[in-house]
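**Student:** This structure is in structure tokens; I'll ask about it shortly.
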Amino acid sequence: WEDKGDLGGVKDWVHTVAISEDASLVMAGTRRGSIHLWSSPSLGPLAGPWSPSTVVSQAHDGGEFNAGVVNAVNLFEDKVRAVSGGLDWSVKLWDITGAGGLENGRKLGDAGNCHSAAIRDISMCDRNNIFATCGDDGCVLAWDGRAGSKGSAIAKLNVSDRPCTGCMFEPHGINGGGNWIITSDREGRIKLYDLRKWELARVIYDSEKAHRGGTTAKWEGGGKTDLFVDVQISTEGWVCAVTEPGVLYSWMPEREWEMAKQPTNVKATCLSVARIMV
């Protein structure tokens with residue numbers, strides 16, 4: 001691992017970053033509410049300097065105690081649309097122009113059909129125009145990302161009474177892709193949902209049950225390890241979740257995503273727990 005260069009153009013804390021599948025576009029959101037888009041050289045991401053950052057200076061609304069923080073961004077596979085989510089509770093759909101610019105930021109949802117708290121994560125489904133968002137209201141909302149859609153949420157999952165911090169569709173290489181979504185929350189749970197029925201398939205990890213009996217997962221110096229802040233799935237089926245104290249949990253499902261088909265009383269084995277930062 002080595003530094004290959006600085007994309008430049010950002011003068012504030014970066015809260016979120018997304019990269020297109022072919023590594024030709026990088027998008028970032030900042031604490032001050034700006035979003036940035038860079039395009040790679042035509043011969044590839046390592047072939048030379050990237051194009052200057054395209055900036056939308058105030059992508060999300062701010063207030064007295066909120067500068068319009070952008071908490072999540074993501075790019076559609078076709079690279080002509082992007083999505084952002086902010087501390088202002090809003091989800092916005094953006095058009096990416098041929099020149100690599102961002103325009104027509106359209107706020108999605110309306111009263112009763114949107115998030116009621118800050119957005120924390122955005123995940124794209126590999127095989128269609130659906131994307132999902134999760135937030136501090138403990139919900140996951142699914143959206144139709146097509147350009148002509150009405151911009152309303154098409155489904156809702158009530159994941160937790162506390163913030164839902166991460167959501168991700170399973171990759172295309174697993175069981176066809178798009179049938180399952182995994183979530184992390186501040187209750188210390190990792191959950192798997194079957195989107196064909198829009199219902200909970202199983203709880204992969206539950207901190208309350210894991211620590212029942214008097215043991216609590218802590219590192220030296222204190223701090224509970226399983227206040228999850230994000231969750232990811234690899235194309236091989238690994239599930240990894242990271243916590244606020246900087247602890248990485250990982251699970252390896254059985255072959256061909258058999259984990260999803262097991263009864264809910266069958267435990268998934270946590271293969272590793274590692275401290276990844278101080």
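Ordered as shown in the structure tokens, chains take letters A, B, and onward, while each chain numbers its residues from 1 and ligands are numbered from 1 in the order shown.
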Skip Lys79 in chain A itself and residues of its chain fewer than 4 positions away, then list as a ChimeraX atom specification all residues within 10 Å of it, counting only C-alpha atoms.
**Tutor:** /A:20-22,24-25,75,95-98,100
**Student:** Using DSSP assignments from the backbone, pull out every residue in range 14-243 of chain A that falls under strand (DSSP E or B) and give it to me as an MDAnalysis selection string.
**Tutor:** chainID A and resid 14:19 25:30 35:39 54:56 63 66 70:75 81:86 91:96 102:108 119:124 130:135 139:144 153:158 164:169 180:185 189:194 199:206 218 224 228:233 239:243
**Student:** Quick one: of A:Asp110, A:Asp78, A:Asp121, A:Asp126, who's nearest to Thr235 in chain A, counting only C-alpha atoms?
**Tutor:**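 Once distances to Thr235 in chain A are computed over only C-alpha atoms, the minimum belongs to A:Asp126.
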**Student:** Name the residues in contact with Gly188 in chain A at a cut-off of 9 Å, using only C-alpha atoms, excluding same-chain residues fewer than 3 positions from it; report them as a ChimeraX atom specification.
**Tutor:** /A:184-185,205-208,225-228,243
**Student:** With all heavy atoms retained, write the just-selected residues as a compact mmCIF listing (two decimals), in the first residue's frame.
**Tutor:**
# COMPACT_ATOMS: atom_id res chain seq x y z
N SER A 184 -26.14 -2.45 10.00
CA SER A 184 -25.49 -2.32 11.32
C SER A 184 -26.20 -1.21 12.07
O SER A 184 -26.74 -0.28 11.47
CB SER A 184 -24.00 -1.99 11.16
OG SER A 184 -23.82 -0.76 10.48
N ASP A 185 -26.19 -1.31 13.40
CA ASP A 185 -26.88 -0.26 14.18
C ASP A 185 -26.18 -0.02 15.50
O ASP A 185 -25.27 -0.74 15.91
CB ASP A 185 -28.36 -0.61 14.39
CG ASP A 185 -28.57 -1.91 15.15
OD1 ASP A 185 -27.98 -2.06 16.24
OD2 ASP A 185 -29.32 -2.78 14.67
N TYR A 205 -25.40 -10.93 14.37
CA TYR A 205 -24.71 -10.66 15.64
C TYR A 205 -25.58 -9.78 16.49
O TYR A 205 -26.17 -8.80 16.01
CB TYR A 205 -23.37 -9.98 15.37
CG TYR A 205 -22.58 -9.67 16.63
CD1 TYR A 205 -21.77 -10.64 17.21
CD2 TYR A 205 -22.65 -8.42 17.23
CE1 TYR A 205 -21.05 -10.37 18.37
CE2 TYR A 205 -21.93 -8.13 18.38
CZ TYR A 205 -21.14 -9.11 18.95
OH TYR A 205 -20.42 -8.83 20.08
N ASP A 206 -25.68 -10.11 17.78
CA ASP A 206 -26.45 -9.34 18.74
C ASP A 206 -25.58 -9.16 19.97
O ASP A 206 -25.29 -10.13 20.68
CB ASP A 206 -27.75 -10.07 19.09
CG ASP A 206 -28.66 -9.25 20.01
OD1 ASP A 206 -28.14 -8.38 20.73
OD2 ASP A 206 -29.88 -9.49 19.99
N SER A 207 -25.16 -7.95 20.25
CA SER A 207 -24.22 -7.72 21.35
C SER A 207 -24.83 -8.07 22.70
O SER A 207 -24.14 -8.55 23.60
CB SER A 207 -23.78 -6.25 21.36
OG SER A 207 -24.88 -5.39 21.63
N GLU A 208 -26.14 -7.87 22.84
CA GLU A 208 -26.79 -8.18 24.12
C GLU A 208 -26.68 -9.68 24.43
O GLU A 208 -26.37 -10.08 25.55
CB GLU A 208 -28.25 -7.75 24.08
CG GLU A 208 -28.98 -7.98 25.40
CD GLU A 208 -30.41 -7.50 25.36
OE1 GLU A 208 -30.77 -6.78 24.41
OE2 GLU A 208 -31.18 -7.85 26.28
N THR A 225 -16.95 -2.47 22.47
CA THR A 225 -16.42 -2.65 21.12
C THR A 225 -17.49 -2.72 20.05
O THR A 225 -17.19 -2.57 18.88
CB THR A 225 -15.59 -3.94 21.03
OG1 THR A 225 -16.44 -5.06 21.29
CG2 THR A 225 -14.45 -3.91 22.00
N ASP A 226 -18.75 -2.99 20.40
CA ASP A 226 -19.71 -3.31 19.36
C ASP A 226 -20.79 -2.25 19.14
O ASP A 226 -21.96 -2.56 18.92
CB ASP A 226 -20.35 -4.68 19.61
CG ASP A 226 -20.76 -4.88 21.05
OD1 ASP A 226 -20.87 -3.89 21.77
OD2 ASP A 226 -20.96 -6.04 21.43
N LEU A 227 -20.41 -0.98 19.23
CA LEU A 227 -21.27 0.10 18.77
C LEU A 227 -20.95 0.32 17.30
O LEU A 227 -20.10 1.12 16.94
CB LEU A 227 -21.03 1.38 19.59
CG LEU A 227 -21.36 1.28 21.08
CD1 LEU A 227 -20.99 2.57 21.79
CD2 LEU A 227 -22.83 0.95 21.30
N PHE A 228 -21.62 -0.43 16.43
CA PHE A 228 -21.23 -0.49 15.02
C PHE A 228 -21.48 0.83 14.30
O PHE A 228 -22.50 1.49 14.50
CB PHE A 228 -21.99 -1.62 14.31
CG PHE A 228 -21.61 -2.99 14.79
CD1 PHE A 228 -22.50 -3.75 15.54
CD2 PHE A 228 -20.37 -3.51 14.51
CE1 PHE A 228 -22.15 -5.01 15.99
CE2 PHE A 228 -19.99 -4.77 14.97
CZ PHE A 228 -20.89 -5.52 15.71
N THR A 243 -16.49 -0.77 14.43
CA THR A 243 -17.16 -0.13 15.55
C THR A 243 -16.53 1.22 15.87
O THR A 243 -15.45 1.55 15.39
CB THR A 243 -17.08 -1.01 16.81
OG1 THR A 243 -15.73 -1.02 17.28
CG2 THR A 243 -17.52 -2.44 16.52
**Student:** In Å, rounded to a single decimal, give me how far CA of Leu192 in chain A is from CA of Cys164 in chain A.
**Tutor:**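 These two atoms are separated by 12.9 Å.
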**Student:** Quick one: pull the distance between CA of Arg31 in chain A and CA of Leu248 in chain A, Å, one decimal.
**Tutor:**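 The value is 24.9 Å.
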**Student:** If you count only C-alpha atoms, which residues fall within 9 Å of Trp180 in chain A, apart from same-chain ones fewer than 3 positions away, as number ranges by chain?
**Tutor:** A: 168-170, 177, 192-196, 201, 260
**Student:** How about saving the chosen residues, N, CA and C atoms kept, as a compact mmCIF listing (two decimals), in the first residue's frame?
**Tutor:**
# COMPACT_ATOMS: atom_id res chain seq x y z
N MET A 168 -25.93 -2.29 3.23
CA MET A 168 -25.27 -2.67 1.98
C MET A 168 -26.01 -3.84 1.34
N PHE A 169 -26.33 -3.68 0.04
CA PHE A 169 -26.83 -4.81 -0.74
C PHE A 169 -25.71 -5.82 -0.92
N GLU A 170 -26.08 -7.11 -0.97
CA GLU A 170 -25.03 -8.09 -1.22
C GLU A 170 -24.57 -7.98 -2.66
N GLY A 177 -27.19 -11.39 -6.55
CA GLY A 177 -27.12 -10.00 -6.16
C GLY A 177 -28.48 -9.34 -6.06
N LEU A 192 -29.56 -9.25 8.67
CA LEU A 192 -29.68 -9.56 7.26
C LEU A 192 -31.16 -9.61 6.90
N TYR A 193 -31.56 -8.87 5.85
CA TYR A 193 -32.95 -8.79 5.42
C TYR A 193 -33.12 -9.40 4.03
N ASP A 194 -34.22 -10.11 3.85
CA ASP A 194 -34.59 -10.68 2.56
C ASP A 194 -35.49 -9.67 1.84
N LEU A 195 -34.98 -9.08 0.75
CA LEU A 195 -35.71 -8.03 0.07
C LEU A 195 -36.82 -8.56 -0.83
N ARG A 196 -36.85 -9.86 -1.07
CA ARG A 196 -37.96 -10.44 -1.83
C ARG A 196 -39.23 -10.44 -1.01
N ALA A 201 -34.34 -11.71 7.82
CA ALA A 201 -34.00 -13.11 7.59
C ALA A 201 -33.30 -13.70 8.81
N ALA A 260 -27.62 -17.12 4.79
CA ALA A 260 -28.94 -16.52 4.69
C ALA A 260 -30.05 -17.56 4.76
**Student:** Can you pull out the residues contacting Leu37 in chain A? Cut-off 9 Å, using only C-alpha atoms, and skip same-chain residues under 5 positions away; I want them as a PyMOL selection string.
**Tutor:** chain A and resi 25-28+52-56+100-102
**Student:** Please provide as a ChimeraX atom specification all residues within 10 Å of Lys4 in chain A, with the sequence filter that same-chain residues fewer than 4 positions apart are discarded (counting only C-alpha atoms).
**Tutor:** /A:45-46,48
**Student:** Quick check, in Å to one decimal: how far apart do CA of Ser51 in chain A and CA of Val80 in chain A lie?
**Tutor:**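 Answer for the CA of Ser51 in chain A to CA of Val80 in chain A separation: 17.0 Å.
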